[in-house]
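**Student:** Structure supplied as entry.txt; contents: compact mmCIF, C-alpha atoms and all ligand atoms.
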```
# COMPACT_ATOMS: atom_id res chain seq x y z
CA MET A 1 -6.21 -36.16 -1.76
CA LYS A 2 -6.60 -33.87 -4.79
CA SER A 3 -5.07 -30.52 -3.87
CA ILE A 4 -7.33 -27.50 -3.60
CA ARG A 5 -6.41 -24.80 -6.15
CA ILE A 6 -6.79 -21.18 -5.10
CA ALA A 7 -6.19 -18.01 -7.14
CA ILE A 8 -5.37 -14.75 -5.41
CA ILE A 9 -5.58 -11.48 -7.33
CA GLY A 10 -3.17 -8.84 -6.01
CA ALA A 11 0.18 -9.16 -4.21
CA GLY A 12 -0.16 -6.41 -1.60
CA MET A 13 -0.39 -7.09 2.13
CA THR A 14 -3.94 -8.50 1.86
CA GLY A 15 -3.22 -10.89 -1.01
CA LEU A 16 0.07 -12.17 0.38
CA LYS A 17 -1.31 -12.65 3.89
CA ALA A 18 -4.16 -14.71 2.39
CA ALA A 19 -1.75 -16.63 0.12
CA SER A 20 0.65 -17.49 2.93
CA THR A 21 -2.17 -18.62 5.25
CA LEU A 22 -3.69 -20.91 2.59
CA HIS A 23 -0.30 -22.25 1.49
CA LYS A 24 0.46 -23.21 5.11
CA VAL A 25 -2.63 -25.46 5.26
CA GLY A 26 -1.54 -27.24 2.07
CA MET A 27 -3.61 -25.50 -0.61
CA ASP A 28 -2.14 -24.98 -4.07
CA VAL A 29 -1.98 -21.18 -4.27
CA THR A 30 -1.31 -19.01 -7.33
CA VAL A 31 -1.02 -15.21 -7.01
CA PHE A 32 -1.61 -12.84 -9.95
CA GLU A 33 -0.16 -9.33 -9.73
CA LYS A 34 -0.48 -6.71 -12.45
CA SER A 35 2.72 -4.82 -11.47
CA ARG A 36 6.37 -5.75 -11.86
CA GLY A 37 6.94 -5.79 -8.09
CA LEU A 38 5.23 -7.04 -4.95
CA GLY A 39 3.78 -5.01 -2.05
CA GLY A 40 1.11 -2.90 -3.78
CA ARG A 41 0.77 0.39 -1.89
CA LEU A 42 3.64 -0.68 0.38
CA ALA A 43 5.65 0.85 -2.42
CA SER A 44 9.28 1.79 -2.93
CA ARG A 45 10.90 3.36 -5.98
CA ARG A 46 14.57 2.70 -6.62
CA THR A 47 16.88 5.55 -7.69
CA ASP A 48 20.65 5.76 -8.20
CA PHE A 49 20.99 7.14 -4.63
CA GLY A 50 18.57 4.86 -2.71
CA HIS A 51 14.83 4.28 -2.36
CA PHE A 52 11.80 6.51 -2.00
CA ASN A 53 8.86 5.06 -0.05
CA HIS A 54 6.12 6.83 -1.96
CA GLY A 55 3.08 4.88 -0.69
CA ALA A 56 2.51 3.89 2.94
CA GLN A 57 4.94 5.76 5.21
CA TYR A 58 4.87 3.79 8.42
CA VAL A 59 2.90 1.01 10.02
CA THR A 60 1.40 0.67 13.48
CA ALA A 61 -0.26 -2.32 15.17
CA ARG A 62 -3.26 -2.45 17.47
CA HIS A 63 -4.24 -6.09 16.81
CA PRO A 64 -1.98 -8.54 18.72
CA GLY A 65 -1.65 -10.77 15.64
CA PHE A 66 -0.36 -7.91 13.50
CA ALA A 67 1.93 -6.71 16.31
CA ALA A 68 3.42 -10.23 16.38
CA TYR A 69 3.80 -10.11 12.59
CA LEU A 70 5.76 -6.83 12.80
CA GLU A 71 8.00 -8.23 15.51
CA GLN A 72 8.61 -11.32 13.40
CA ALA A 73 9.40 -9.11 10.38
CA ALA A 74 11.82 -7.08 12.52
CA SER A 75 13.57 -10.25 13.68
CA HIS A 76 14.02 -11.19 9.98
CA ASN A 77 15.41 -7.68 9.28
CA ALA A 78 12.38 -6.95 7.06
CA ALA A 79 11.10 -4.21 9.40
CA GLN A 80 12.61 -1.55 11.64
CA ASN A 81 11.39 1.00 14.16
CA TRP A 82 11.08 4.56 12.91
CA LYS A 83 11.24 7.50 15.30
CA PRO A 84 11.32 10.63 13.17
CA ASN A 85 11.52 14.14 14.59
CA LEU A 86 7.90 14.92 13.89
CA HIS A 87 6.34 18.32 13.36
CA ARG A 88 2.56 18.38 13.66
CA GLY A 89 0.82 21.14 11.76
CA ASP A 90 -1.73 21.55 14.55
CA ILE A 91 0.94 22.27 17.21
CA PRO A 92 3.27 25.33 17.11
CA ALA A 93 6.61 24.41 15.49
CA MET A 94 8.70 25.24 18.58
CA GLN A 95 6.79 22.68 20.64
CA SER A 96 6.38 19.96 18.09
CA ALA A 97 9.85 18.90 16.91
CA GLY A 98 10.67 15.67 18.68
CA ASN A 99 9.74 12.02 18.68
CA LEU A 100 6.06 12.57 19.22
CA ALA A 101 4.82 9.23 17.94
CA LEU A 102 2.70 7.72 20.68
CA ASP A 103 2.87 4.14 19.47
CA HIS A 104 5.66 2.18 17.78
CA TRP A 105 6.11 3.17 14.15
CA TYR A 106 7.60 0.55 11.84
CA GLN A 107 8.89 0.75 8.29
CA GLY A 108 9.96 -2.03 5.93
CA ALA A 109 13.73 -2.56 5.95
CA PRO A 110 15.66 -1.43 4.09
CA GLN A 111 12.63 -0.12 2.19
CA MET A 112 8.87 -0.24 2.66
CA ASN A 113 7.99 -3.01 0.20
CA LYS A 114 10.20 -5.44 2.15
CA LEU A 115 7.54 -5.53 4.88
CA ILE A 116 5.75 -8.28 2.95
CA SER A 117 8.81 -10.49 2.52
CA PRO A 118 8.05 -12.83 5.49
CA LEU A 119 4.80 -13.76 3.68
CA VAL A 120 6.40 -14.77 0.39
CA ASP A 121 6.68 -18.55 0.31
CA ALA A 122 6.92 -21.43 -2.15
CA PHE A 123 3.66 -20.60 -3.97
CA THR A 124 3.52 -19.40 -7.56
CA ILE A 125 3.39 -15.65 -8.22
CA HIS A 126 2.67 -14.43 -11.75
CA LYS A 127 3.84 -10.81 -11.95
CA GLN A 128 2.71 -8.46 -14.74
CA HIS A 129 -0.56 -10.37 -15.14
CA ARG A 130 -3.58 -8.10 -14.92
CA ILE A 131 -6.72 -10.20 -14.43
CA THR A 132 -9.57 -8.81 -16.48
CA ARG A 133 -12.29 -11.43 -15.99
CA ILE A 134 -13.33 -14.24 -13.65
CA GLU A 135 -15.35 -16.90 -15.47
CA GLN A 136 -17.51 -19.38 -13.59
CA LEU A 137 -17.19 -22.84 -15.18
CA ASP A 138 -19.61 -24.62 -12.85
CA ARG A 139 -20.80 -24.28 -9.25
CA LYS A 140 -17.37 -25.15 -7.91
CA SER A 141 -14.76 -23.91 -10.36
CA PHE A 142 -13.51 -20.72 -11.94
CA VAL A 143 -11.12 -19.66 -14.69
CA LEU A 144 -9.21 -16.35 -14.78
CA HIS A 145 -8.48 -14.33 -17.93
CA ASP A 146 -5.72 -11.75 -18.18
CA ASP A 147 -5.10 -8.75 -20.44
CA LEU A 148 -2.76 -10.77 -22.70
CA ASP A 149 -5.43 -13.34 -23.60
CA GLY A 150 -4.04 -15.78 -21.04
CA GLU A 151 -6.38 -18.26 -19.36
CA PHE A 152 -5.60 -19.80 -15.96
CA GLY A 153 -7.29 -22.46 -13.89
CA PRO A 154 -9.62 -24.05 -13.14
CA PHE A 155 -9.53 -22.89 -9.49
CA ASP A 156 -11.69 -24.10 -6.62
CA GLY A 157 -11.69 -20.66 -5.01
CA VAL A 158 -10.67 -17.07 -5.81
CA ILE A 159 -9.74 -14.17 -3.47
CA VAL A 160 -9.74 -10.70 -5.04
CA THR A 161 -7.65 -8.10 -3.15
CA ALA A 162 -7.44 -5.14 -5.55
CA PRO A 163 -8.55 -1.68 -4.31
CA ALA A 164 -12.33 -1.49 -3.91
CA PRO A 165 -13.31 0.03 -7.31
CA GLN A 166 -11.14 -2.49 -9.19
CA THR A 167 -12.45 -5.41 -7.11
CA ALA A 168 -16.02 -4.26 -7.78
CA GLU A 169 -15.34 -4.17 -11.52
CA LEU A 170 -14.14 -7.81 -11.48
CA LEU A 171 -16.89 -9.16 -9.21
CA ARG A 172 -20.05 -7.31 -10.25
CA PRO A 173 -20.59 -9.49 -13.35
CA LEU A 174 -20.63 -12.61 -11.11
CA SER A 175 -23.25 -11.67 -8.54
CA ALA A 176 -25.28 -8.77 -7.14
CA ARG A 177 -23.90 -9.78 -3.75
CA TYR A 178 -20.79 -7.72 -4.48
CA ASP A 179 -22.75 -4.50 -5.11
CA ALA A 180 -22.03 -3.48 -1.49
CA ILE A 181 -18.43 -2.74 -2.51
CA GLY A 182 -19.84 0.28 -4.36
CA ASP A 183 -20.51 1.97 -0.99
CA VAL A 184 -16.80 2.01 -0.10
CA VAL A 185 -15.22 5.48 -0.51
CA THR A 186 -11.54 5.79 -1.33
CA ALA A 187 -9.49 9.00 -1.59
CA PRO A 188 -6.71 9.59 -4.12
CA CYS A 189 -3.25 10.88 -3.24
CA TRP A 190 -0.62 12.67 -5.30
CA ALA A 191 2.90 11.79 -4.11
CA VAL A 192 6.01 13.81 -5.00
CA MET A 193 9.49 12.34 -4.61
CA ALA A 194 11.98 15.21 -4.39
CA ALA A 195 15.73 14.81 -3.89
CA PHE A 196 17.53 18.00 -2.84
CA GLU A 197 21.22 18.57 -3.61
CA GLN A 198 21.75 19.75 -0.01
CA PRO A 199 19.90 18.62 3.14
CA LEU A 200 16.61 20.43 3.68
CA PRO A 201 17.45 22.72 6.65
CA THR A 202 14.52 21.76 8.90
CA ALA A 203 14.68 20.54 12.51
CA PHE A 204 12.20 17.77 11.68
CA ASP A 205 12.25 14.69 9.46
CA ALA A 206 8.49 14.44 9.08
CA MET A 207 5.52 16.81 9.05
CA LEU A 208 1.94 15.68 9.63
CA HIS A 209 -1.01 17.68 8.22
CA PRO A 210 1.07 20.78 7.59
CA SER A 211 -1.28 22.55 5.10
CA PRO A 212 -4.46 22.20 3.02
CA ALA A 213 -2.31 21.08 0.08
CA ILE A 214 0.20 18.77 1.79
CA SER A 215 -0.94 16.29 4.43
CA TRP A 216 2.48 14.69 4.94
CA ALA A 217 6.14 15.37 4.15
CA ALA A 218 9.01 13.16 5.29
CA ARG A 219 12.65 12.49 4.69
CA SER A 220 12.80 9.09 2.98
CA THR A 221 15.95 7.83 4.68
CA GLN A 222 16.64 6.61 8.18
CA SER A 223 19.57 6.72 10.58
CA ASP A 224 21.27 9.90 9.36
CA ASP A 225 21.98 12.30 12.19
CA LEU A 226 21.54 16.06 11.81
CA PHE A 227 25.19 16.66 10.95
CA HIS A 228 25.67 13.82 8.48
CA ARG A 229 22.65 14.02 6.23
CA ARG A 230 22.77 12.04 3.04
CA ARG A 231 23.17 13.99 -0.20
CA PRO A 232 21.00 14.14 -2.19
CA ASP A 233 18.41 14.47 0.58
CA PRO A 234 15.26 12.50 -0.46
CA TRP A 235 11.78 13.68 0.65
CA VAL A 236 8.32 12.31 -0.04
CA LEU A 237 5.37 14.74 -0.07
CA HIS A 238 1.77 13.57 0.01
CA ALA A 239 -0.99 15.90 -1.10
CA SER A 240 -4.11 16.01 1.06
CA PRO A 241 -7.15 13.99 -0.08
CA GLN A 242 -9.08 17.12 -1.06
CA TRP A 243 -6.18 18.68 -2.96
CA SER A 244 -5.54 15.34 -4.72
CA ARG A 245 -9.21 15.14 -5.75
CA ASP A 246 -9.22 18.71 -7.03
CA HIS A 247 -6.00 18.16 -9.02
CA LEU A 248 -6.45 14.49 -9.97
CA GLU A 249 -6.05 15.04 -13.72
CA ASP A 250 -3.33 17.75 -13.50
CA ASP A 251 -0.08 16.95 -15.27
CA LYS A 252 2.84 15.82 -13.13
CA ASP A 253 4.95 18.97 -13.66
CA ARG A 254 2.16 21.17 -12.34
CA VAL A 255 1.62 18.93 -9.31
CA ILE A 256 5.35 18.98 -8.53
CA GLU A 257 5.49 22.78 -8.82
CA ASN A 258 2.47 23.26 -6.53
CA LEU A 259 3.55 20.81 -3.85
CA LEU A 260 7.10 22.14 -3.70
CA ALA A 261 5.69 25.66 -3.29
CA ALA A 262 3.46 24.38 -0.47
CA LEU A 263 6.45 22.67 1.18
CA ARG A 264 8.40 25.94 1.04
CA ASP A 265 5.49 27.80 2.63
CA VAL A 266 4.82 25.35 5.46
CA SER A 267 8.46 24.60 6.31
CA GLY A 268 9.48 28.27 6.16
CA VAL A 269 12.87 27.33 4.69
CA LYS A 270 14.45 28.07 1.33
CA LEU A 271 14.39 24.83 -0.64
CA PRO A 272 17.86 23.70 -1.82
CA GLN A 273 18.39 23.04 -5.52
CA LEU A 274 16.70 19.89 -6.80
CA HIS A 275 18.77 16.88 -7.78
CA SER A 276 15.73 15.07 -9.20
CA VAL A 277 11.97 15.03 -8.78
CA GLN A 278 9.12 12.69 -9.79
CA ALA A 279 5.40 12.43 -9.09
CA HIS A 280 3.10 9.44 -8.70
CA ARG A 281 -0.70 9.50 -8.65
CA TRP A 282 -2.43 6.99 -6.38
CA ARG A 283 -5.99 6.87 -7.64
CA TYR A 284 -7.10 4.68 -4.73
CA ALA A 285 -4.87 5.57 -1.80
CA ARG A 286 -6.74 5.67 1.52
CA THR A 287 -10.15 4.33 2.52
CA GLU A 288 -12.51 7.04 3.77
CA GLN A 289 -15.61 4.86 4.18
CA PRO A 290 -14.84 1.14 4.71
CA LEU A 291 -17.14 -1.81 4.00
CA GLY A 292 -17.43 -2.51 7.74
CA SER A 293 -16.71 -6.23 7.66
CA SER A 294 -13.41 -8.05 7.21
CA HIS A 295 -14.24 -9.60 3.78
CA LEU A 296 -17.19 -10.24 1.47
CA ASN A 297 -18.21 -13.80 0.55
CA GLY A 298 -20.09 -14.80 -2.58
CA MET A 299 -20.53 -17.67 -5.04
CA ASN A 300 -21.11 -20.18 -2.21
CA GLY A 301 -18.10 -18.84 -0.33
CA ARG A 302 -15.75 -19.61 -3.23
CA VAL A 303 -15.13 -16.06 -4.47
CA ILE A 304 -14.11 -13.66 -1.70
CA ALA A 305 -13.42 -9.92 -1.85
CA ALA A 306 -10.82 -8.61 0.60
CA GLY A 307 -8.56 -5.59 1.07
CA ASP A 308 -7.72 -2.77 3.47
CA TRP A 309 -10.95 -1.09 2.33
CA CYS A 310 -13.00 -3.74 4.16
CA LEU A 311 -11.90 -2.48 7.58
CA GLY A 312 -10.04 0.81 7.22
CA ALA A 313 -7.21 2.76 5.67
CA ARG A 314 -4.15 1.08 7.10
CA VAL A 315 -1.75 -1.76 6.40
CA GLU A 316 -3.03 -3.47 9.53
CA ALA A 317 -6.54 -3.51 8.04
CA ALA A 318 -5.11 -5.21 4.94
CA TRP A 319 -3.34 -7.87 7.01
CA ARG A 320 -6.48 -8.59 9.02
CA SER A 321 -8.67 -8.76 5.93
CA GLY A 322 -6.24 -11.14 4.18
CA GLN A 323 -6.22 -13.40 7.21
CA SER A 324 -9.98 -13.51 7.60
CA ALA A 325 -10.56 -14.08 3.86
CA ALA A 326 -8.18 -17.07 4.04
CA HIS A 327 -9.97 -18.45 7.11
CA ALA A 328 -13.32 -18.07 5.35
CA MET A 329 -11.96 -19.96 2.31
CA ILE A 330 -10.68 -22.76 4.57
CA GLU A 331 -14.10 -22.94 6.24
CA THR A 332 -15.83 -23.24 2.85
CA LEU A 333 -13.48 -25.79 1.27
CA ILE A 334 -12.28 -27.87 4.20
CA GLY A 335 -14.85 -27.11 6.88
C1 LIG B 401 0.08 7.54 -0.38
C2 LIG B 401 -0.32 6.49 0.62
C3 LIG B 401 0.03 6.64 1.96
C4 LIG B 401 -0.32 5.68 2.90
N1 LIG B 401 0.12 5.80 4.17
C5 LIG B 401 -0.11 4.80 5.05
C6 LIG B 401 0.50 4.82 6.34
O1 LIG B 401 1.30 5.70 6.66
N2 LIG B 401 0.21 3.79 7.20
C7 LIG B 401 -0.63 2.77 6.86
O2 LIG B 401 -0.84 1.85 7.66
N3 LIG B 401 -1.19 2.72 5.62
C8 LIG B 401 -0.93 3.70 4.72
N4 LIG B 401 -1.46 3.63 3.46
C9 LIG B 401 -2.43 2.55 3.14
C10 LIG B 401 -1.73 1.21 2.92
O3 LIG B 401 -0.73 1.35 1.95
C11 LIG B 401 -2.80 0.22 2.48
O4 LIG B 401 -3.79 0.13 3.48
C12 LIG B 401 -2.27 -1.22 2.23
O5 LIG B 401 -0.98 -1.23 1.69
C13 LIG B 401 -3.28 -1.91 1.32
O6 LIG B 401 -2.89 -3.24 1.04
P1 LIG B 401 -3.80 -4.12 0.08
O7 LIG B 401 -3.08 -5.39 -0.14
O8 LIG B 401 -5.18 -4.19 0.62
O9 LIG B 401 -3.93 -3.29 -1.28
P2 LIG B 401 -2.78 -2.94 -2.32
O10 LIG B 401 -1.49 -2.69 -1.62
O11 LIG B 401 -3.33 -1.86 -3.18
O12 LIG B 401 -2.60 -4.29 -3.16
C14 LIG B 401 -3.48 -4.64 -4.19
C15 LIG B 401 -2.66 -5.22 -5.33
O13 LIG B 401 -3.56 -5.69 -6.34
C16 LIG B 401 -2.95 -5.45 -7.60
N5 LIG B 401 -4.02 -5.47 -8.59
C17 LIG B 401 -5.06 -4.59 -8.73
N6 LIG B 401 -5.89 -4.97 -9.74
C18 LIG B 401 -5.35 -6.11 -10.24
C19 LIG B 401 -5.74 -6.99 -11.30
N7 LIG B 401 -6.84 -6.76 -12.03
N8 LIG B 401 -4.96 -8.07 -11.57
C20 LIG B 401 -3.84 -8.32 -10.83
N9 LIG B 401 -3.41 -7.51 -9.81
C21 LIG B 401 -4.17 -6.43 -9.52
C22 LIG B 401 -2.29 -4.09 -7.42
O14 LIG B 401 -1.27 -3.87 -8.39
C23 LIG B 401 -1.74 -4.21 -5.99
O15 LIG B 401 -0.42 -4.70 -5.97
C24 LIG B 401 -1.09 4.56 2.49
C25 LIG B 401 -1.42 4.41 1.15
C26 LIG B 401 -1.03 5.35 0.22
C27 LIG B 401 -1.33 5.14 -1.23
```
Produce structure tokens that represent the structure in this file.
Ligand SMILES: Cc1cc2nc3c(=O)[nH]c(=O)nc-3n(C[C@H](O)[C@H](O)[C@H](O)COP(=O)(O)OP(=O)(O)OC[C@H]3O[C@@H](n4cnc5c(N)ncnc54)[C@H](O)[C@@H]3O)c2cc1C
**Tutor:**
Amino acid sequence: MKSIRIAIIGAGMTGLKAASTLHKVGMDVTVFEKSRGLGGRLASRRTDFGHFNHGAQYVTARHPGFAAYLEQAASHNAAQNWKPNLHRGDIPAMQSAGNLALDHWYQGAPQMNKLISPLVDAFTIHKQHRITRIEQLDRKSFVLHDDLDGEFGPFDGVIVTAPAPQTAELLRPLSARYDAIGDVVTAPCWAVMAAFEQPLPTAFDAMLHPSPAISWAARSTQSDDLFHRRRPDPWVLHASPQWSRDHLEDDKDRVIENLLAALRDVSGVKLPQLHSVQAHRWRYARTEQPLGSSHLNGMNGRVIAAGDWCLGARVEAAWRSGQSAAHAMIETLIG
């Protein structure tokens, strides 16, 4: 039997879940990823003293399939439980330091982007290939073009898993069916990665919704006890959606200055001297208004849009969307 050739655009949780599902049923899968690394917003930045997780901070599971995935990842040492001392901005500080997480929180191990490693299999992954155009050759085949004048294919099916605005840009020229993606609303997020020469003298490792400027601040290492903190002490700060929108085009130095000042105000402690600091702007960080269905089919079921933005704002939504896009592709091509 001639093998079925599938292209997947994006190597985040959605794309790799779809790729691994299709590879397992014998399809010939090729993944295209514009970045140097895999994981997308499950992101980690390497430094000379360890990693910062500057995208997704932790993962929870409500769907039994995703819960099983996290357990499998933990058994492969690609995930670990995280129980930070959490301070919630909406509860007085004296009451709120403690392991307040109600459900199990997981992180990738040893860093966040490793959470996708159980999905990486013997299919081809082209890194640093940004797909700029999907060309329809005939009713049943498609060719992809990248930003370096490369041409790939033909493919029998394509799954696009970029954030909603980027997926819409690729798919709108093919069919009006994809116009619905335009209704999805995504918020940006400024992230600051600050390493302090001395441990930040707070009782908590993570703060949730502490101020209008910062929605999250967390120590980016695990397993240090209070008396043996790592030096430098790495923290990730996430600006709130509104603050990130209002300051989207600010330069990085200004963002760093503002978010460190906000951290000082909400933590009430004197910030130790900085060892290093960087900022990263996520233009499309968290879904505010999802599509409302797990994927979007078009071109006779052969070109499918998928991503966290179909169902929500969480890694679990990405996993579920990747799975259902793959099942829809199998239904179209194998029946
Ligand atoms: C700051 C921040 C904090 C978050 N916190 C949490 C959290 O605590 N818990 C939680 O569950 N979720 C969190 N999330 C959301 C979570 O990260 C996402 O829901 C999930 O990772 C999305 O996976 P995805 O595969 O759908 O998209 P992505 O991870 O964005 O993957 C899409 C991939 O497509 C690639 N791509 C885009 N365009 C092209 C192109 N033209 N050609 C080739 N490749 C392309 C991108 O480089 C990317 O790798 C957070 C996100 C951010 C940014």
**Student:** Identify, counting only C-alpha atoms and all ligand atoms, the protein, DNA and RNA residues located within 6 Å of ligand LIG 401 (chain B), and give them as an MDAnalysis selection string.
**Tutor:** chainID A and resid 9:15 32:35 39:42 55:59 129:132 161:163 166 189 282 285:286 307:308 313:315 318
**Student:** Go ahead and compute the interatomic distance for atom CA of Ala195 of chain A and atom CA of Lys127 of chain A, in Å to one decimal.
**Tutor:**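 The value is 29.4 Å.
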**Student:** Could you give me, as a PyMOL selection string, the residues within 7 Å of Val143 of chain A, counting only C-alpha atoms and dropping anything in the same chain fewer than 4 positions from it?
**Tutor:** chain A and resi 134-137+151-155
**Student:** Grab the residues selected above and save them as a JSON list (two decimals), in the frame of the given file with C-alpha atoms.
**Tutor:**
```
[["chain", "number", "residue", "atom", "x", "y", "z"],
["A", 134, "ILE", "CA", -13.33, -14.24, -13.65],
["A", 135, "GLU", "CA", -15.35, -16.90, -15.47],
["A", 136, "GLN", "CA", -17.51, -19.38, -13.59],
["A", 137, "LEU", "CA", -17.19, -22.84, -15.18],
["A", 151, "GLU", "CA", -6.38, -18.26, -19.36],
["A", 152, "PHE", "CA", -5.60, -19.80, -15.96],
["A", 153, "GLY", "CA", -7.29, -22.46, -13.89],
["A", 154, "PRO", "CA", -9.62, -24.05, -13.14],
["A", 155, "PHE", "CA", -9.53, -22.89, -9.49]]
```
**Student:** Can you list, as a list of chain:residue names, every protein, DNA or RNA residue that comes within 7 Å of segment 245-260 of chain A when you count all atoms listed in the file, leaving out same-chain residues fewer than 4 positions away?
**Tutor:** A:Pro188, A:Val192, A:Ile214, A:Pro241, A:Arg264, A:Ala279
**Student:** Taking into account all atoms listed in the file, which residue in the set A:Ser75, A:Gln323, A:Ser44, A:Thr287 is nearest to Ala191 of chain A?
**Tutor:**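 The answer is A:Ser44, which sits nearest to Ala191 of chain A.
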**Student:** Please indicate the distance in Å from atom CA of Arg172 of chain A to atom CA of Asp156 of chain A, rounded to one decimal place.
**Tutor:**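 The value is 19.1 Å.
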**Student:** Could you check which of A:Arg230, A:Lys114, A:Arg5, A:His54 is closest to Ala73 of chain A, using only C-alpha atoms?
**Tutor:**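 Checking each of A:Arg230, A:Lys114, A:Arg5, A:His54 against Ala73 of chain A, counting only C-alpha atoms, the winner is A:Lys114.
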**Student:** Which residues are close to Ala262 of chain A, i.e. within 12 Å by all atoms listed in the file, leaving aside same-chain residues fewer than 3 positions away? Reply as a PDB file with C-alpha atoms, in the coordinates of the input.
**Tutor:**
```
ATOM      1  CA  VAL A 192       6.010  13.810  -5.000  1.00  0.00           C
ATOM      2  CA  HIS A 209      -1.010  17.680   8.220  1.00  0.00           C
ATOM      3  CA  PRO A 210       1.070  20.780   7.590  1.00  0.00           C
ATOM      4  CA  SER A 211      -1.280  22.550   5.100  1.00  0.00           C
ATOM      5  CA  PRO A 212      -4.460  22.200   3.020  1.00  0.00           C
ATOM      6  CA  ALA A 213      -2.310  21.080   0.080  1.00  0.00           C
ATOM      7  CA  ILE A 214       0.200  18.770   1.790  1.00  0.00           C
ATOM      8  CA  SER A 215      -0.940  16.290   4.430  1.00  0.00           C
ATOM      9  CA  TRP A 216       2.480  14.690   4.940  1.00  0.00           C
ATOM     10  CA  ALA A 217       6.140  15.370   4.150  1.00  0.00           C
ATOM     11  CA  LEU A 237       5.370  14.740  -0.070  1.00  0.00           C
ATOM     12  CA  HIS A 238       1.770  13.570   0.010  1.00  0.00           C
ATOM     13  CA  ALA A 239      -0.990  15.900  -1.100  1.00  0.00           C
ATOM     14  CA  SER A 240      -4.110  16.010   1.060  1.00  0.00           C
ATOM     15  CA  TRP A 243      -6.180  18.680  -2.960  1.00  0.00           C
ATOM     16  CA  VAL A 255       1.620  18.930  -9.310  1.00  0.00           C
ATOM     17  CA  ILE A 256       5.350  18.980  -8.530  1.00  0.00           C
ATOM     18  CA  GLU A 257       5.490  22.780  -8.820  1.00  0.00           C
ATOM     19  CA  ASN A 258       2.470  23.260  -6.530  1.00  0.00           C
ATOM     20  CA  LEU A 259       3.550  20.810  -3.850  1.00  0.00           C
ATOM     21  CA  ASP A 265       5.490  27.800   2.630  1.00  0.00           C
ATOM     22  CA  VAL A 266       4.820  25.350   5.460  1.00  0.00           C
ATOM     23  CA  SER A 267       8.460  24.600   6.310  1.00  0.00           C
ATOM     24  CA  GLY A 268       9.480  28.270   6.160  1.00  0.00           C
ATOM     25  CA  VAL A 269      12.870  27.330   4.690  1.00  0.00           C
ATOM     26  CA  LYS A 270      14.450  28.070   1.330  1.00  0.00           C
ATOM     27  CA  LEU A 271      14.390  24.830  -0.640  1.00  0.00           C
TER      28      LEU A 271
END
```
**Student:** Ala18 of chain A: which residues within 8 Å, counting all atoms listed in the file, same-chain residues fewer than 2 positions away excluded, as a list in words?
**Tutor:** Ile8, Thr14, Gly15, Leu16, Ser20, Thr21, Leu22, Gly322, Gln323, Ser324, Ala325 and Ala326 of chain A
**Student:** Counting only C-alpha atoms, which residue out of A:Gly301, A:Gly37, A:Pro64, A:Gly50 sits closest to Trp319 of chain A?
**Tutor:**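 When distances to Trp319 of chain A are compared using only C-alpha atoms, the smallest one comes from A:Pro64.
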**Student:** Work out how far apart atom CA of Arg219 of chain A and atom CA of Pro234 of chain A are and give it in Å to one decimal.
**Tutor:** 5.8 Å
**Student:** Find the spatial neighbours of Thr30 of chain A, counting all atoms listed in the file, within a cut-off of 6 Å - ignore same-chain residues fewer than 2 positions away - and output them as number ranges by chain.
**Tutor:** A: 7, 124-125
